[in-house]
file my_file_17.cif (mmCIF, C-alpha atoms)
data_upload
loop_
_atom_site.label_atom_id
_atom_site.label_comp_id
_atom_site.auth_asym_id
_atom_site.auth_seq_id
_atom_site.Cartn_x
_atom_site.Cartn_y
_atom_site.Cartn_z
CA GLU Y 581 0.00 0.00 0.00
CA ARG Y 582 2.95 2.36 0.56
CA HIS Y 583 4.30 1.86 -2.98
CA ILE Y 584 1.77 2.64 -5.69
CA PRO Y 585 3.04 1.14 -8.99
CA ALA Y 586 2.03 4.14 -11.11
CA ARG Y 587 4.05 6.49 -8.90
CA LEU Y 588 7.30 4.54 -8.88
CA ARG Y 589 10.32 5.96 -10.69
CA LEU Y 590 12.05 3.39 -12.89
CA ARG Y 591 15.75 3.24 -13.63
CA PRO Y 592 16.76 5.04 -16.85
CA ASN Y 593 17.76 1.77 -18.54
CA VAL Y 594 14.22 0.39 -18.44
CA PRO Y 595 13.03 0.66 -22.07
CA PRO Y 596 9.89 2.80 -22.57
CA ILE Y 597 7.76 -0.18 -23.63
CA ALA Y 598 4.33 -0.31 -22.01
CA HIS Y 599 4.23 -3.99 -21.00
CA VAL Y 600 7.84 -3.83 -19.68
CA GLU Y 601 7.15 -0.73 -17.59
CA ASP Y 602 3.86 -2.13 -16.24
CA HIS Y 603 5.52 -5.40 -15.28
CA ALA Y 604 8.42 -3.58 -13.62
CA ARG Y 605 6.14 -1.30 -11.59
CA ARG Y 606 4.04 -4.19 -10.30
CA ASP Y 607 7.14 -6.14 -9.28
CA LEU Y 608 8.85 -3.16 -7.67
CA SER Y 609 5.89 -2.24 -5.47
CA GLY Y 610 6.14 -5.61 -3.72
CA TYR Y 611 9.94 -5.62 -3.84
CA TYR Y 612 10.20 -2.27 -2.04
CA ALA Y 613 7.69 -3.43 0.57
CA GLN Y 614 9.82 -6.52 1.22
CA ILE Y 615 12.92 -4.35 1.62
CA GLU Y 616 11.14 -2.23 4.24
CA ASP Y 617 10.01 -5.35 6.10
CA ILE Y 618 13.53 -6.81 6.12
CA ASP Y 619 14.96 -3.47 7.26
CA ARG Y 620 12.48 -3.31 10.15
CA ASN Y 621 13.30 -6.83 11.32
CA VAL Y 622 17.07 -6.35 11.05
CA GLY Y 623 16.51 -3.29 13.23
CA ARG Y 624 14.79 -5.48 15.82
CA VAL Y 625 17.84 -7.78 15.91
CA LEU Y 626 20.21 -4.84 16.40
CA GLU Y 627 18.01 -3.37 19.14
CA CYS Y 628 17.99 -6.74 20.92
CA LEU Y 629 21.79 -6.94 20.80
CA ALA Y 630 21.98 -3.47 22.35
CA GLU Y 631 19.47 -4.40 25.07
CA LEU Y 632 21.54 -7.49 25.92
CA GLY Y 633 24.69 -5.36 26.08
CA ILE Y 634 26.60 -7.44 23.53
CA ASP Y 635 26.40 -5.16 20.50
CA ASP Y 636 30.00 -3.95 20.97
CA ARG Y 637 31.35 -7.51 20.65
CA THR Y 638 29.00 -8.89 18.02
CA TYR Y 639 29.35 -8.68 14.24
CA VAL Y 640 26.19 -8.80 12.16
CA VAL Y 641 26.69 -9.80 8.53
CA PHE Y 642 23.93 -9.03 6.02
CA VAL Y 643 24.07 -10.60 2.55
CA SER Y 644 21.71 -11.60 -0.23
CA ASP Y 645 21.98 -13.97 -3.18
CA HIS Y 646 21.44 -11.79 -6.27
CA GLY Y 647 19.54 -8.82 -7.56
CA ASP Y 648 16.63 -8.66 -10.01
CA GLN Y 649 16.41 -6.85 -13.31
CA HIS Y 650 12.93 -5.37 -12.83
CA GLY Y 651 12.71 -4.39 -16.49
CA CYS Y 652 16.22 -2.96 -16.87
CA HIS Y 653 17.38 -3.61 -20.45
CA GLY Y 654 14.03 -5.37 -20.95
CA HIS Y 655 14.98 -8.28 -18.63
CA PHE Y 656 13.34 -9.61 -15.49
CA GLU Y 657 14.43 -11.80 -12.62
CA LYS Y 658 18.08 -12.98 -12.68
CA MET Y 659 20.61 -14.87 -14.87
CA THR Y 660 21.79 -11.72 -16.66
CA PRO Y 661 25.28 -10.19 -16.25
CA TYR Y 662 23.93 -6.66 -15.83
CA GLU Y 663 24.62 -4.70 -12.64
CA GLU Y 664 21.05 -4.97 -11.36
CA ALA Y 665 21.23 -8.78 -11.23
CA ILE Y 666 24.85 -9.44 -10.23
CA ARG Y 667 25.29 -6.94 -7.40
CA VAL Y 668 24.89 -8.41 -3.92
CA PRO Y 669 24.68 -6.42 -0.67
CA TRP Y 670 27.36 -7.35 1.83
CA MET Y 671 27.14 -5.23 4.98
CA ILE Y 672 28.99 -5.89 8.21
CA TRP Y 673 28.06 -4.06 11.41
CA GLY Y 674 29.28 -4.28 14.98
CA GLY Y 675 32.27 -4.16 17.25
CA LYS Y 676 33.64 -1.27 19.27
CA ARG Y 677 35.29 0.26 16.24
CA TRP Y 678 31.90 1.16 14.79
CA GLN Y 679 31.15 3.48 17.69
CA SER Y 680 33.69 5.93 16.30
CA HIS Y 681 33.58 4.87 12.61
CA PRO Y 682 29.90 4.10 11.95
CA TRP Y 683 30.02 3.80 8.15
CA GLN Y 684 32.64 2.83 5.62
CA ARG Y 685 32.38 1.78 2.00
CA THR Y 686 35.10 -0.07 0.16
CA ASN Y 687 35.95 -0.31 -3.51
CA HIS Y 688 37.17 -3.88 -3.16
CA MET Y 689 35.53 -6.58 -5.30
CA PRO Y 690 34.61 -9.45 -2.96
CA ASN Y 691 33.35 -12.76 -4.31
CA HIS Y 692 30.94 -15.09 -2.55
CA VAL Y 693 33.79 -17.43 -1.56
CA ASP Y 694 35.32 -14.57 0.44
CA LEU Y 695 32.43 -14.56 2.91
CA SER Y 696 33.53 -17.62 4.91
CA PRO Y 697 37.19 -16.62 5.45
CA THR Y 698 36.11 -13.08 6.27
CA THR Y 699 33.63 -14.15 8.95
CA LEU Y 700 36.22 -16.53 10.42
CA GLY Y 701 38.70 -13.66 10.50
CA LEU Y 702 36.19 -11.43 12.30
CA ALA Y 703 35.72 -14.15 14.90
CA GLY Y 704 39.47 -14.55 15.36
CA ILE Y 705 39.42 -18.10 14.03
CA PRO Y 706 42.30 -19.17 11.74
CA VAL Y 707 41.24 -19.66 8.14
CA PRO Y 708 42.00 -23.23 6.95
CA ALA Y 709 44.68 -23.31 4.28
CA ALA Y 710 42.43 -25.40 2.02
CA MET Y 711 39.62 -22.84 2.10
CA GLN Y 712 39.19 -20.76 -1.04
CA GLY Y 713 38.52 -17.04 -0.80
CA TYR Y 714 40.10 -13.90 0.61
CA ASP Y 715 39.85 -12.71 4.21
CA TYR Y 716 38.62 -9.09 4.24
CA SER Y 717 38.25 -8.95 8.02
CA TRP Y 718 41.19 -6.54 8.28
CA LEU Y 719 38.97 -3.90 6.67
CA MET Y 720 36.52 -4.12 9.58
CA ARG Y 721 38.88 -4.68 12.51
CA GLY Y 722 40.73 -1.66 13.85
CA SER Y 723 42.46 0.65 11.39
CA CYS Y 724 41.86 0.49 7.67
CA TRP Y 725 45.64 0.54 7.21
CA ALA Y 726 47.06 -2.70 5.86
CA PRO Y 727 50.49 -3.89 4.72
CA ARG Y 728 51.17 -3.37 1.04
CA ALA Y 729 51.37 -7.14 0.49
CA ARG Y 730 47.87 -7.63 1.90
CA LEU Y 731 46.44 -4.99 -0.44
CA ASP Y 732 48.29 -6.41 -3.44
CA ASN Y 733 46.94 -9.90 -2.73
CA ALA Y 734 43.32 -8.74 -2.65
CA PRO Y 735 41.28 -9.79 -5.70
CA GLN Y 736 41.24 -7.18 -8.45
CA GLU Y 737 38.09 -8.60 -10.02
CA ALA Y 738 34.80 -10.20 -9.10
CA TYR Y 739 34.17 -13.41 -11.05
CA LEU Y 740 30.74 -13.85 -12.63
CA GLN Y 741 29.21 -17.14 -13.76
CA CYS Y 742 25.99 -18.29 -15.32
CA VAL Y 743 26.65 -22.01 -15.55
CA VAL Y 744 23.19 -23.49 -16.13
CA PRO Y 745 20.55 -20.91 -17.13
CA THR Y 746 17.21 -21.39 -15.42
CA GLN Y 747 15.25 -20.66 -18.61
CA HIS Y 748 13.33 -17.75 -17.07
CA ALA Y 749 11.39 -16.45 -20.05
CA PRO Y 750 12.46 -12.77 -19.93
CA SER Y 751 16.13 -13.48 -19.19
CA VAL Y 752 19.35 -14.82 -20.74
CA ASP Y 753 19.21 -18.50 -21.70
CA ILE Y 754 22.87 -19.05 -22.72
CA PRO Y 755 25.79 -19.73 -20.29
CA TRP Y 756 28.28 -16.90 -19.85
CA ARG Y 757 31.28 -15.88 -17.77
CA GLY Y 758 32.51 -12.42 -16.83
CA ILE Y 759 34.45 -10.16 -14.50
CA VAL Y 760 33.98 -6.74 -12.92
CA THR Y 761 37.24 -4.99 -12.11
CA ARG Y 762 38.17 -2.69 -9.25
CA ASP Y 763 38.94 0.07 -11.74
CA GLY Y 764 35.39 0.00 -13.08
CA TRP Y 765 35.28 -2.24 -16.14
CA LYS Y 766 32.99 -5.16 -16.90
CA TYR Y 767 33.63 -7.84 -19.51
CA VAL Y 768 31.34 -10.78 -20.26
CA ALA Y 769 31.70 -13.56 -22.84
CA MET Y 770 29.51 -16.32 -24.16
CA GLU Y 771 31.34 -19.41 -25.37
CA GLY Y 772 33.72 -18.35 -28.12
CA GLN Y 773 32.13 -14.91 -28.42
CA PRO Y 774 32.48 -11.58 -26.59
CA TYR Y 775 29.13 -10.48 -25.22
CA LEU Y 776 29.36 -7.28 -23.14
CA LEU Y 777 31.99 -4.65 -22.37
CA PHE Y 778 31.19 -1.58 -20.27
CA ASN Y 779 33.12 1.24 -18.69
CA LEU Y 780 31.07 1.47 -15.51
CA ASN Y 781 32.81 4.69 -14.44
CA GLU Y 782 31.34 6.55 -17.41
CA ASP Y 783 28.34 4.32 -18.09
CA PRO Y 784 26.90 3.03 -14.77
CA TYR Y 785 23.57 2.05 -16.38
CA GLU Y 786 25.35 0.02 -19.08
CA MET Y 787 23.78 1.76 -22.04
CA ALA Y 788 26.78 1.57 -24.44
CA ASN Y 789 28.09 -1.94 -25.09
CA LEU Y 790 31.70 -1.68 -26.30
CA ALA Y 791 32.27 -5.40 -26.82
CA HIS Y 792 32.42 -5.08 -30.60
CA HIS Y 793 33.79 -1.54 -30.92
CA ALA Y 794 37.07 -1.30 -32.81
CA HIS Y 795 38.51 1.32 -30.44
CA ALA Y 796 37.98 -1.03 -27.47
CA ARG Y 797 39.95 -3.96 -28.93
CA ALA Y 798 42.92 -3.64 -26.59
CA ARG Y 799 40.74 -3.40 -23.50
CA ARG Y 800 38.63 -6.34 -24.67
CA ARG Y 801 41.70 -8.51 -25.15
CA GLU Y 802 43.15 -7.51 -21.75
CA LEU Y 803 39.94 -8.31 -19.90
CA ASN Y 804 39.50 -11.54 -21.83
CA GLU Y 805 42.88 -12.69 -20.50
CA ARG Y 806 42.04 -11.62 -16.95
CA LEU Y 807 38.83 -13.63 -17.24
CA ARG Y 808 40.85 -16.61 -18.49
CA VAL Y 809 42.92 -16.51 -15.29
CA TRP Y 810 39.77 -16.84 -13.18
CA ILE Y 811 38.45 -19.71 -15.28
CA GLU Y 812 41.73 -21.61 -14.95
CA LYS Y 813 42.21 -20.78 -11.26
CA THR Y 814 38.76 -22.05 -10.30
CA GLY Y 815 38.87 -25.19 -12.44
CA ASP Y 816 35.97 -23.89 -14.51
CA GLU Y 817 35.28 -25.20 -18.00
CA PHE Y 818 34.41 -22.52 -20.52
CA ARG Y 819 35.68 -21.72 -24.02
CA LEU Y 820 36.62 -18.06 -24.27
CA PRO Y 821 37.00 -16.14 -27.53
CA GLU Y 822 40.50 -16.01 -28.99
CA PHE Y 823 41.95 -12.66 -30.03
CA ALA Y 824 45.10 -11.96 -32.02
CA GLU Y 825 48.04 -10.13 -30.44
CA ASN Y 826 46.94 -6.87 -32.04
CA GLY Y 827 43.60 -7.15 -30.24
CA SER Y 828 41.50 -7.94 -33.33
#
call {"tool": "encode", "arguments": {"input": "my_file_17.cif", "output": "structure tokens"}}
result
Amino acid sequence: ERHIPARLRLRPNVPPIAHVEDHARRDLSGYYAQIEDIDRNVGRVLECLAELGIDDRTYVVFVSDHGDQHGCHGHFEKMTPYEEAIRVPWMIWGGKRWQSHPWQRTNHMPNHVDLSPTTLGLAGIPVPAAMQGYDYSWLMRGSCWAPRARLDNAPQEAYLQCVVPTQHAPSVDIPWRGIVTRDGWKYVAMEGQPYLLFNLNEDPYEMANLAHHAHARARRRELNERLRVWIEKTGDEFRLPEFAENGS
């Protein structure tokens, strides 16, 4: 009742097509109501921690699984490599440090596998050597300062996978792999074929796909190789496009 579909403002990358806009508005009215309900109940948990007097020694980690397109680029639900679907909230609250530093955002690019080592690090539990992922707990514990080696070892990309498409009707039905880099680039490939290339610094709504632009050949080849490293490192099986040394 608080979110009337006709009054909702859509993102600028939702195409002005009547049935797409109508669908997006109906979905968003319920989506926003769910967000408010989750926010209220997370607030109840935080209030309870404060009442129990343990909020200064408790970390609360809030995550989700994926976003939804809600009509952006004409897609709905998930399985697309666009920002609306791939971005996942990862918020960590708690500890004495937050009394003097209540909010901090980072430009690091965590992957899902980083969640377990990070929560172990927050709890002061050694991370098993066999566990994949990067421990970001140093960002939340004490000073933000870190040795140069620790910063250099942090992932420079987030790895994206659509291994088995779910066949949602208004979504992508072909497997793809991609990366988003810390310096603001996204590259996605289907098997043997470049798919998407965006400069997110200049084009946050992903309106200009550079994947097949001649002037972006060098960047495309560079990101294709960085994606190849992730595929090989994770034991993934995916055939990337092959580009000549000159980037063509």
call {"tool": "resolve_selection", "arguments": {"input": "my_file_17.cif", "expression": "the PyMOL selection byres ((chain Y and resi 626) around 12)", "output": "PyMOL selection string"}}
result
chain Y and resi 619-625+627-636+638-642+673-674
call {"tool": "resolve_selection", "arguments": {"input": "my_file_17.cif", "expression": "the PyMOL selection byres ((chain Y and resi 651) around 10)", "output": "list in words"}}
result
Leu590, Arg591, Asn593, Val594, Pro595, Pro596, Ile597, His599, Val600, Glu601, Asp602, His603, Ala604, Arg605, Asp607, Leu608, Asp648, Gln649, His650, Cys652, His653, Gly654, His655, Phe656, Glu657, Glu664 and Pro750 of chain Y
call {"tool": "write_last_selection", "arguments": {"input": "my_file_17.cif", "atoms": "C-alpha atoms", "output": "tab-separated table (two decimals), in the coordinates of the input"}}
result
chain	number	residue	atom	x	y	z
Y	590	LEU	CA	12.05	3.39	-12.89
Y	591	ARG	CA	15.75	3.24	-13.63
Y	593	ASN	CA	17.76	1.77	-18.54
Y	594	VAL	CA	14.22	0.39	-18.44
Y	595	PRO	CA	13.03	0.66	-22.07
Y	596	PRO	CA	9.89	2.80	-22.57
Y	597	ILE	CA	7.76	-0.18	-23.63
Y	599	HIS	CA	4.23	-3.99	-21.00
Y	600	VAL	CA	7.84	-3.83	-19.68
Y	601	GLU	CA	7.15	-0.73	-17.59
Y	602	ASP	CA	3.86	-2.13	-16.24
Y	603	HIS	CA	5.52	-5.40	-15.28
Y	604	ALA	CA	8.42	-3.58	-13.62
Y	605	ARG	CA	6.14	-1.30	-11.59
Y	607	ASP	CA	7.14	-6.14	-9.28
Y	608	LEU	CA	8.85	-3.16	-7.67
Y	648	ASP	CA	16.63	-8.66	-10.01
Y	649	GLN	CA	16.41	-6.85	-13.31
Y	650	HIS	CA	12.93	-5.37	-12.83
Y	652	CYS	CA	16.22	-2.96	-16.87
Y	653	HIS	CA	17.38	-3.61	-20.45
Y	654	GLY	CA	14.03	-5.37	-20.95
Y	655	HIS	CA	14.98	-8.28	-18.63
Y	656	PHE	CA	13.34	-9.61	-15.49
Y	657	GLU	CA	14.43	-11.80	-12.62
Y	664	GLU	CA	21.05	-4.97	-11.36
Y	750	PRO	CA	12.46	-12.77	-19.93
call {"tool": "residues_around", "arguments": {"input": "my_file_17.cif", "residues": "Val668 in chain Y", "least_positions_apart": "5", "cutoff": "8 Å", "atoms": "all atoms listed in the file", "output": "PyMOL selection string"}}
result
chain Y and resi 643-647
call {"tool": "residues_around", "arguments": {"input": "my_file_17.cif", "residues": "Val752 in chain Y", "least_positions_apart": "2", "cutoff": "12 Å", "atoms": "all atoms listed in the file", "output": "JSON, numbers by chain"}}
result
{"Y": [649, 653, 654, 655, 656, 657, 658, 659, 660, 661, 662, 665, 742, 743, 744, 745, 746, 747, 748, 749, 750, 754, 755, 756, 770, 775]}
call {"tool": "resolve_selection", "arguments": {"input": "my_file_17.cif", "expression": "the PyMOL selection byres ((chain Y and resi 804-808) around 10)", "output": "number ranges by chain"}}
result
Y: 736-740, 757-761, 767-769, 774, 798-803, 809-813, 816, 818-823
call {"tool": "residues_around", "arguments": {"input": "my_file_17.cif", "residues": "range 703-715 of chain Y", "least_positions_apart": "5", "cutoff": "12 Å", "atoms": "only C-alpha atoms", "output": "ChimeraX atom specification"}}
result
/Y:637-641,674-675,688-698,720-721,730-736,738-739,813-814
